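Taking it in order: structure first as structure tokens, then the write-up.
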Amino acid sequence: MVTTITLNNVEKRFGALDVIRGIDLQIKPGAFTVFVGPSGCGKSTLLRMIAGLETISGGDLLIDGERMNDVAASKRGIAMVFQSYALYPHMSVYKNLAFGLETAGYKREEIDRRVREAAATLQITDYLQRKPKALSGGQRQRVAIGRSIVRDPKIFLFDEPLSNLDAELRVQMRVEITKLHERLGNTMIYVTHDQVEAMTMADQIVVLKAGKVMQAGSPLELYNNPENQFVAGFIGSPKMNFASVSVADATGVILNGNRIETGRALTGKTLTLGIRPEHIDIGDGPGQVICDARIELVEHLGGSTVLHVLPPFQQEAMTVMLSGQQPCRSGESVALRIDPKNCHLFDSEGRALPR
Amino acid sequence: MGAIRRNGAGYLFLSPWLIGFFCLTLGPALASLYLSFTRFDLLNAPEFIGAQNYVRMVTADPKFMASMKVTLIYVALSVPLKLAFALAVAMVLNRGMRGLPIYRAVFYLPSLLGTSVAIAVLWRQLFAADGMVNGILAQFGIIGPSWISNPNYSIYTLVVLSVWQFGSPMIIFLAGLRQIPTDMYEAASLDGASPSRQFWRITLPLLSPVIFFNLVIQVIEAFKAFTPAFVISGGSGGPINSTLFYTLYLYQEGFSYFRMGYASALAWVLVAIIAVFTAISFLTTKYWVHYDD
Amino acid sequence: MTDAVHEMPGHGSSHPRLSGTVRHVILIAICFVMIYPILWMLSGSLRPASELFGGDAGLIPSQVTVEAYPKGWFGLQINFGQFFLNSLVIAVLATIGNVLAASLVAYAFARLQFWGRGFWFALMLGTLMLPYHVTLIPQYVLFRSLDWVNTWWPLILPKYFAVDAFFIFLMVQFFRGIPKELDEAARMDGCSAWRIYWKIILPLSMPVLATAAIFSFIWTWEDFFGPLIYISEMRNYTVQLGLRSFIDSSGTSSWNELFAMSVLSLVPIFLIFLFFQRLLIEGIATTGMKR
């Protein structure tokens with residue numbers, strides 16, 4: 001049985017401060033959902049509201065159709081992995097895993113069976129008698145996950161669980177958590193500020209900003225069809241380039257004196273055009289040349305080359321990502337070339353124009 | 001519903017203090033405020049007499065004036081001396097000193113023992129006519145007075161006792177000094193600042209919150225001092241009221257003469273003095289206490 | 001050796017002019033002056049009564065004898081054993097009350113959400129400044145009406161109601177340093193507020209509980225004013241009151257006995273100091289460092 005979570009116009013206020021401002025959301029059963037957004041967007045608060053660690057100021061939280069607003073955290077069938085792991089420092093790993101079960105009044109044999117099973121799954125059996133202090137970062141992370149799975153919850157919540165690990169371990173744990181989800185099949189919600197983590201792990205991404213959902217959808221949906229300029233800029237690395245353009249006619253815009261055929265019905269006078277760095281090319285080839293730009297900086301990443309170029313039509317530099325190793329030098333001038341099909345257009349309020 | 005449960009848990013845990021606060025602190029404090037306007041001998045019901053207790057204090061009670069004078073002298077002398085000594089020793093002890101824990105412990109010991117009767121007994125003998133201090137003076141051919149029984153000197157023996165207990169503010173100073181980043185001194189040395197300039201321009205300003213804290217605490221404690229004066233003077237505050245600490249006078253009025261209305265009035269005057277002092281300290285902080293955030 | 005320490009960068013850089021050796025000389029001299037009176041008292045308690053008091057500021061008695069100890073012990077109608085026992089019982093019971101009540105209240109202030117928390121906390125801090133003299137007389141009237149004068153109740157019972165805000169403050173400071181996520185994890189594990197307090201907060205707070213217990217014990221042991229007011233019968237006396245009576249009843253002839261009993265009264269504090277001085281010093285430093 002997999003669990004559905006539904007949020008209906010959920011709000012959170014701290015005094016006069018609105019942190020969560022009317023969120024409607026359907027968390028798909030059995031999916032790995034990632035809440036992502038810049039710091040202060042309310043993603044952790046929203047997670048903690050689902051967990052029951054923060055009260056809900058308005059709206060309804062439903063788990064499998066049942067209203068959970070006033071149900072105690074421990075009665076919601078939820079387990080949570082904290083950013084700092086929150087392992088009880090005075091208890092051994094075994095005790096850490098067993099504590100919740102003891103609290104719930106399970107029998108000794110049942111506790112022992114479940115603890116050993118979880119420990120085996122996470123390969124921490126050898127450390128059961130150690131204190132958290134004597135474990136490495138990755139081992140602590142596993143214990144924290146172990147503590148959540150022993151209770152056999154319906155829902156797992158993760159609050160930025162990888163942010164305390166070094167880069168290498170982070171990649172490794174990312175894979176492990178994804179595998180864990182595949183094996184258990186539970187509904188999981190994962191909070192991160194790192195859009196790469198979101199893209200690599202999620203079935204469903206929810207992008208939040210200032211307490212509101214900007215867009216929810218699969219990673220590729222968000223990448224291909226961002227509903228607004230914020231999501232377009234947030235998802236994808238390096239960030240999407242934006243340029244101000246004027247409307248030329250019913251379907252075309254003018255950028256640097258060149259008409260670009262957008263294939264979309266246009267209104268208004270000025271729009272913002274968005275183009276991802278990986279969708280810009282240089283030199284000769286197919287597509288439409290938009291301008292010559294001076295290279296400010298070249299970053300050789302080996303597998304790809306990133307150029308920071310200064311186009312003639314704006315002050316801000318644009319980013320261009322080329323595959324492979326390119327013999328570019330800063331100071332050189334290059335022709336920028338795009339395929340109009342890859343352009344995104346946003347109106348003055350930042351909303352995307354439908355394709 | 002959740003809110004009620006949460007509040008319930010909070011107030012349940014708070015309940016010991018709440019009961020104590022209302023029954024043993026607030027209630028009695030208000031009662032004593034009322035008693036301060038009465039004549040009350042414990043046996044008969046309190047008799048309301050308006051502000052007479054307070055009027056008598058300032059117009060017709062030389063002992064009140066004497067005790068106030070003694071206490072103010074004691075506070076004004078002992079607190080600055082004690083804090084200066086505590087700071088000086090803390091400065092010498094600061095930073096990577098060998099044997100620091102031992103020194104710190106030895107300096108702290110008197111603070112810990114200080115309020116016991118035994119130390120007051122010791123002080124009485126140290127400064128007695130045939131005591132240790134005069135014994136030492138005799139080595140240099142000086143015949144010392146009887147410090148304790150001479151009204152000109154007795155208060156100073158108590159000041160010395162207070163300064164002797166400089167350990168606890170010293171520990172707070174040490175903790176404060178440790179908060180000052182070493183690189184600040186290194187930068188100052190590179191800028192050519194002399195040690196004394198470093199002290200006045202770096203140490204003192206950055207330590208000022210701690211100095212402030214110590215000052216407030218020590219002044220309040222000094223106003224409340226009781227045991228040494230009681231033991232050294234045998235409870236009389238003598239000779240000639242020269243060690244009649246305010247609290248000792250309050251005790252005499254309340255529990256020797258059973259003038260409990262008057263003693264209550266004395267207590268409230270003490271509160272007023274402490275409140276005024278604390279308020280002045282807090283109000284002047286912006287001129288001399290440096291907070292870096 | 002000491003110069004090497006001095007020359008290391010960062011060490012003693014606030015006083016480049018005071019060399020390590022000079023500092024040690026100064027400090028040892030101060031130590032000596034500080035400790036000398038106590039040693040002198042100890043030495044005095046080991047002298048025969050016949051040895052003249054005045055003039056001898058030295059530490060070495062002409063003749064060492066412990067006769068003052070048994071004589072002083074039985075110097076009053078009731079012996080000091082009773083006083084020590086009384087003091088011990090009062091101090092232990094008061095300490096238990098202080099630690100228990102203060103930790104409960106501090107947990108509420110540090111961790112629980114409830115209406116009016118900031119208000120009560122400010123009031124609690126306010127009582128830190130309030131001199132006890134203000135509550136003294138009505139409390140006396142209250143305990144007298146309960147017929148508790150000349151019993152130990154007035155010295156013990158208030159501690160079970162956390163009247164000493166210092167201990168609450170000390171513990172609040174410590175509890176706030178325990179990561180909040182531990183409480184939240186425990187809540188997710190199904191713990192009630194009580195179970196979090198008992199299973200998470202208290203086990204992690206042993207240092208501050210010990211500090212509070214030690215201070216509480218020492219202050220109750222040394223308390224003179226409370227027993228002076230409430231205890232009138234000698235069989236209920238604490239050590240401090242016993243010493244006071246001893247001063248009154250003995251002339252200068254038995255000063256060595258007085259010293260002997262004074263020394264004994266300090267022994268428990270000294271032992272605690274010897275074993276727990278780290279905790280005491282940290283306790284002072286942390287409460288002093290509030291911001």
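Labels used: A, B, ... for chains in the order of the structure tokens, numbers from 1 for residues in each chain, and numbers from 1 for ligands as shown.
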Select residues of chain B: the criterion is any atom within 6 Å of an atom of chain C, counting only C-alpha atoms; output as a PyMOL selection string.
chain B and resi 7+10+13-14+16-17+20+28-29+32+95-96+116-118+130-132+135-136+172+175+267
Residues of chain A were defined as contacting chain B if any atom lay at most 12 Å from it, counting only C-alpha atoms; please report them as a PyMOL selection string.
chain A and resi 52-57+68-73
Pick out the chain A residues within 7 Å of chain C. Count only C-alpha atoms. Give them as a list of chain:residue names.
A:Leu53, A:Ala73, A:Ser74, A:Ala79, A:Ala86, A:Leu87, A:Tyr88, A:His90, A:Gly100, A:Thr103, A:Ala104
Which of range 53-197 of chain A end up as helix (DSSP H, G or I) when DSSP is run on this backbone - answer as a ChimeraX atom specification?
/A:73-75,93-103,108-122,125-127,132-134,137-149,167-184,195-197
One decimal, Å: what's the distance from CA of Met65 in chain B over to CA of Ala128 in chain B, could you say?
27.1 Å
Using only C-alpha atoms, can you tell me which of B:Leu24, B:Leu113, B:Val121, B:Ala188 comes closest to Phe246 in chain C?
B:Val121
Each range 35-154 of chain A residue no farther than 12 Å from range 229-251 of chain A, nearest pair in Å, only C-alpha atoms, as CSV:
residue,atom,partner,partner_atom,distance
A:Val36,CA,A:Phe234,CA,9.3
A:Gly37,CA,A:Phe234,CA,7.8
A:Pro38,CA,A:Phe234,CA,8.6
Please produce a file of the residues just selected, as a compact mmCIF listing (two decimals), in the first residue's frame, where the atoms kept are all heavy atoms.
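The result, stored in again.txt:
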# COMPACT_ATOMS: atom_id res chain seq x y z
N VAL A 36 12.38 21.82 -3.74
CA VAL A 36 13.62 22.54 -3.98
C VAL A 36 13.31 24.02 -4.09
O VAL A 36 12.20 24.42 -4.44
CB VAL A 36 14.32 21.99 -5.25
CG1 VAL A 36 13.53 22.31 -6.50
CG2 VAL A 36 15.75 22.49 -5.35
N GLY A 37 14.29 24.82 -3.73
CA GLY A 37 14.10 26.27 -3.81
C GLY A 37 15.24 26.95 -3.08
O GLY A 37 16.00 26.30 -2.36
N PRO A 38 15.35 28.27 -3.27
CA PRO A 38 16.42 29.00 -2.59
C PRO A 38 16.16 29.03 -1.08
O PRO A 38 15.05 28.75 -0.64
CB PRO A 38 16.34 30.40 -3.19
CG PRO A 38 14.93 30.53 -3.66
CD PRO A 38 14.49 29.16 -4.05
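Shortest atom-to-atom contact with Met260 in chain B among B:Gly27, B:Pro46, B:Pro80, B:Gly114: B:Pro46, counting only C-alpha atoms.
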Report as a list in words all protein, DNA and RNA residues lying within 7 Å of Ile23 in chain A, evaluated on only C-alpha atoms, omitting residues in the same chain fewer than 3 positions from it.
Leu7, Asn8, Asn9, Val10, Glu11, Lys212 and Val213 of chain A
Compile the contact shell of Phe223 in chain B as JSON, numbers by chain: residues with an atom at most 10 Å away, counting only C-alpha atoms, same-chain residues fewer than 5 positions apart removed.
{"B": [68, 71, 72, 74, 75, 218, 245, 246, 247, 270, 271, 273, 274], "C": [131]}
Write to file, as a short mmCIF file (atom, residue, chain, number, x, y, z; two decimals), in the first residue's frame, the residues of the selection just made, with all heavy atoms.
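Saved as out_37.cif:
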data_model
loop_
_atom_site.label_atom_id
_atom_site.label_comp_id
_atom_site.auth_asym_id
_atom_site.auth_seq_id
_atom_site.Cartn_x
_atom_site.Cartn_y
_atom_site.Cartn_z
N MET B 68 23.32 52.71 56.48
CA MET B 68 23.38 53.08 55.07
C MET B 68 24.79 53.53 54.70
O MET B 68 25.35 53.14 53.67
CB MET B 68 22.36 54.20 54.81
CG MET B 68 22.17 54.54 53.36
SD MET B 68 21.54 53.14 52.43
CE MET B 68 19.80 53.42 52.56
N THR B 71 27.21 50.59 54.63
CA THR B 71 26.99 49.73 53.47
C THR B 71 27.49 50.39 52.20
O THR B 71 28.13 49.74 51.35
CB THR B 71 25.48 49.40 53.34
OG1 THR B 71 25.04 48.89 54.60
CG2 THR B 71 25.25 48.37 52.26
N LEU B 72 27.21 51.69 52.06
CA LEU B 72 27.66 52.37 50.84
C LEU B 72 29.19 52.41 50.77
O LEU B 72 29.77 52.19 49.70
CB LEU B 72 27.08 53.79 50.77
CG LEU B 72 25.57 53.84 50.47
CD1 LEU B 72 25.07 55.28 50.49
CD2 LEU B 72 25.25 53.19 49.14
N TYR B 74 31.14 50.25 52.08
CA TYR B 74 31.55 48.87 51.78
C TYR B 74 31.40 48.57 50.29
O TYR B 74 32.31 48.05 49.65
CB TYR B 74 30.70 47.90 52.62
CG TYR B 74 30.96 46.45 52.33
CD1 TYR B 74 32.14 45.84 52.75
CD2 TYR B 74 30.03 45.67 51.65
CE1 TYR B 74 32.38 44.51 52.50
CE2 TYR B 74 30.25 44.34 51.38
CZ TYR B 74 31.44 43.75 51.80
OH TYR B 74 31.67 42.43 51.55
N VAL B 75 30.26 48.94 49.72
CA VAL B 75 30.02 48.67 48.30
C VAL B 75 31.02 49.46 47.44
O VAL B 75 31.65 48.92 46.53
CB VAL B 75 28.57 49.04 47.90
CG1 VAL B 75 28.39 48.96 46.38
CG2 VAL B 75 27.59 48.11 48.59
N GLN B 218 28.17 41.92 41.40
CA GLN B 218 28.94 42.15 42.62
C GLN B 218 28.32 43.24 43.49
O GLN B 218 28.36 43.16 44.71
CB GLN B 218 30.39 42.49 42.28
CG GLN B 218 31.18 41.33 41.70
CD GLN B 218 31.24 40.13 42.63
OE1 GLN B 218 31.22 40.27 43.85
NE2 GLN B 218 31.27 38.95 42.06
N PHE B 245 26.08 46.47 58.75
CA PHE B 245 25.61 46.34 57.37
C PHE B 245 24.11 46.51 57.35
O PHE B 245 23.40 46.18 58.30
CB PHE B 245 25.97 44.97 56.80
CG PHE B 245 27.36 44.87 56.28
CD1 PHE B 245 28.27 45.89 56.50
CD2 PHE B 245 27.78 43.76 55.56
CE1 PHE B 245 29.57 45.81 56.03
CE2 PHE B 245 29.06 43.66 55.09
CZ PHE B 245 29.96 44.68 55.32
N TYR B 246 23.64 46.99 56.21
CA TYR B 246 22.21 47.24 56.06
C TYR B 246 21.39 46.00 56.38
O TYR B 246 20.39 46.05 57.10
CB TYR B 246 21.95 47.69 54.63
CG TYR B 246 20.58 48.28 54.42
CD1 TYR B 246 20.33 49.61 54.69
CD2 TYR B 246 19.53 47.48 53.97
CE1 TYR B 246 19.08 50.15 54.52
CE2 TYR B 246 18.27 48.01 53.80
CZ TYR B 246 18.05 49.35 54.07
OH TYR B 246 16.80 49.86 53.90
N THR B 247 21.82 44.86 55.85
CA THR B 247 21.05 43.63 56.07
C THR B 247 21.10 43.20 57.53
O THR B 247 20.17 42.59 58.04
CB THR B 247 21.63 42.49 55.22
OG1 THR B 247 23.02 42.41 55.46
CG2 THR B 247 21.38 42.74 53.75
N LEU B 270 15.90 48.73 50.28
CA LEU B 270 17.02 48.01 49.66
C LEU B 270 16.70 47.68 48.20
O LEU B 270 17.53 47.85 47.31
CB LEU B 270 17.30 46.72 50.45
CG LEU B 270 18.46 45.87 49.92
CD1 LEU B 270 19.77 46.61 50.01
CD2 LEU B 270 18.54 44.54 50.69
N VAL B 271 15.46 47.20 47.96
CA VAL B 271 15.04 46.92 46.59
C VAL B 271 15.16 48.18 45.75
O VAL B 271 15.68 48.15 44.63
CB VAL B 271 13.58 46.42 46.55
CG1 VAL B 271 13.11 46.30 45.10
CG2 VAL B 271 13.48 45.09 47.24
N ILE B 273 17.07 50.78 46.17
CA ILE B 273 18.47 51.13 45.92
C ILE B 273 19.05 50.26 44.82
O ILE B 273 19.68 50.73 43.88
CB ILE B 273 19.30 50.98 47.21
CG1 ILE B 273 18.86 52.04 48.23
CG2 ILE B 273 20.79 51.12 46.92
CD1 ILE B 273 19.46 51.84 49.60
N ILE B 274 18.80 48.94 44.94
CA ILE B 274 19.34 48.03 43.94
C ILE B 274 18.72 48.31 42.57
O ILE B 274 19.40 48.31 41.55
CB ILE B 274 19.09 46.56 44.37
CG1 ILE B 274 20.00 46.22 45.55
CG2 ILE B 274 19.36 45.60 43.21
CD1 ILE B 274 19.82 44.82 46.09
N PRO C 131 16.34 41.00 46.00
CA PRO C 131 16.98 40.52 47.24
C PRO C 131 15.96 39.75 48.09
O PRO C 131 14.79 40.14 48.16
CB PRO C 131 17.43 41.80 47.93
CG PRO C 131 16.64 42.89 47.32
CD PRO C 131 16.22 42.45 45.96
#
Computed interatomic separation between CA of Ala31 in chain A and CA of Gln141 in chain A (Å):
21.7 Å
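Taking range 18-258 of chain B and asking which residues DSSP calls strand (DSSP E) on the backbone, you get Thr38, Arg39, Glu47 and Phe48 of chain B.
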Determine, counting only C-alpha atoms, which protein, DNA and RNA residues have an atom within 7 Å of an atom of Met80 in chain A; residues of the same chain fewer than 3 positions away are not included. Present the result as a list of chain:residue names.
A:Ser148, A:Phe156, A:Leu157, A:Phe158
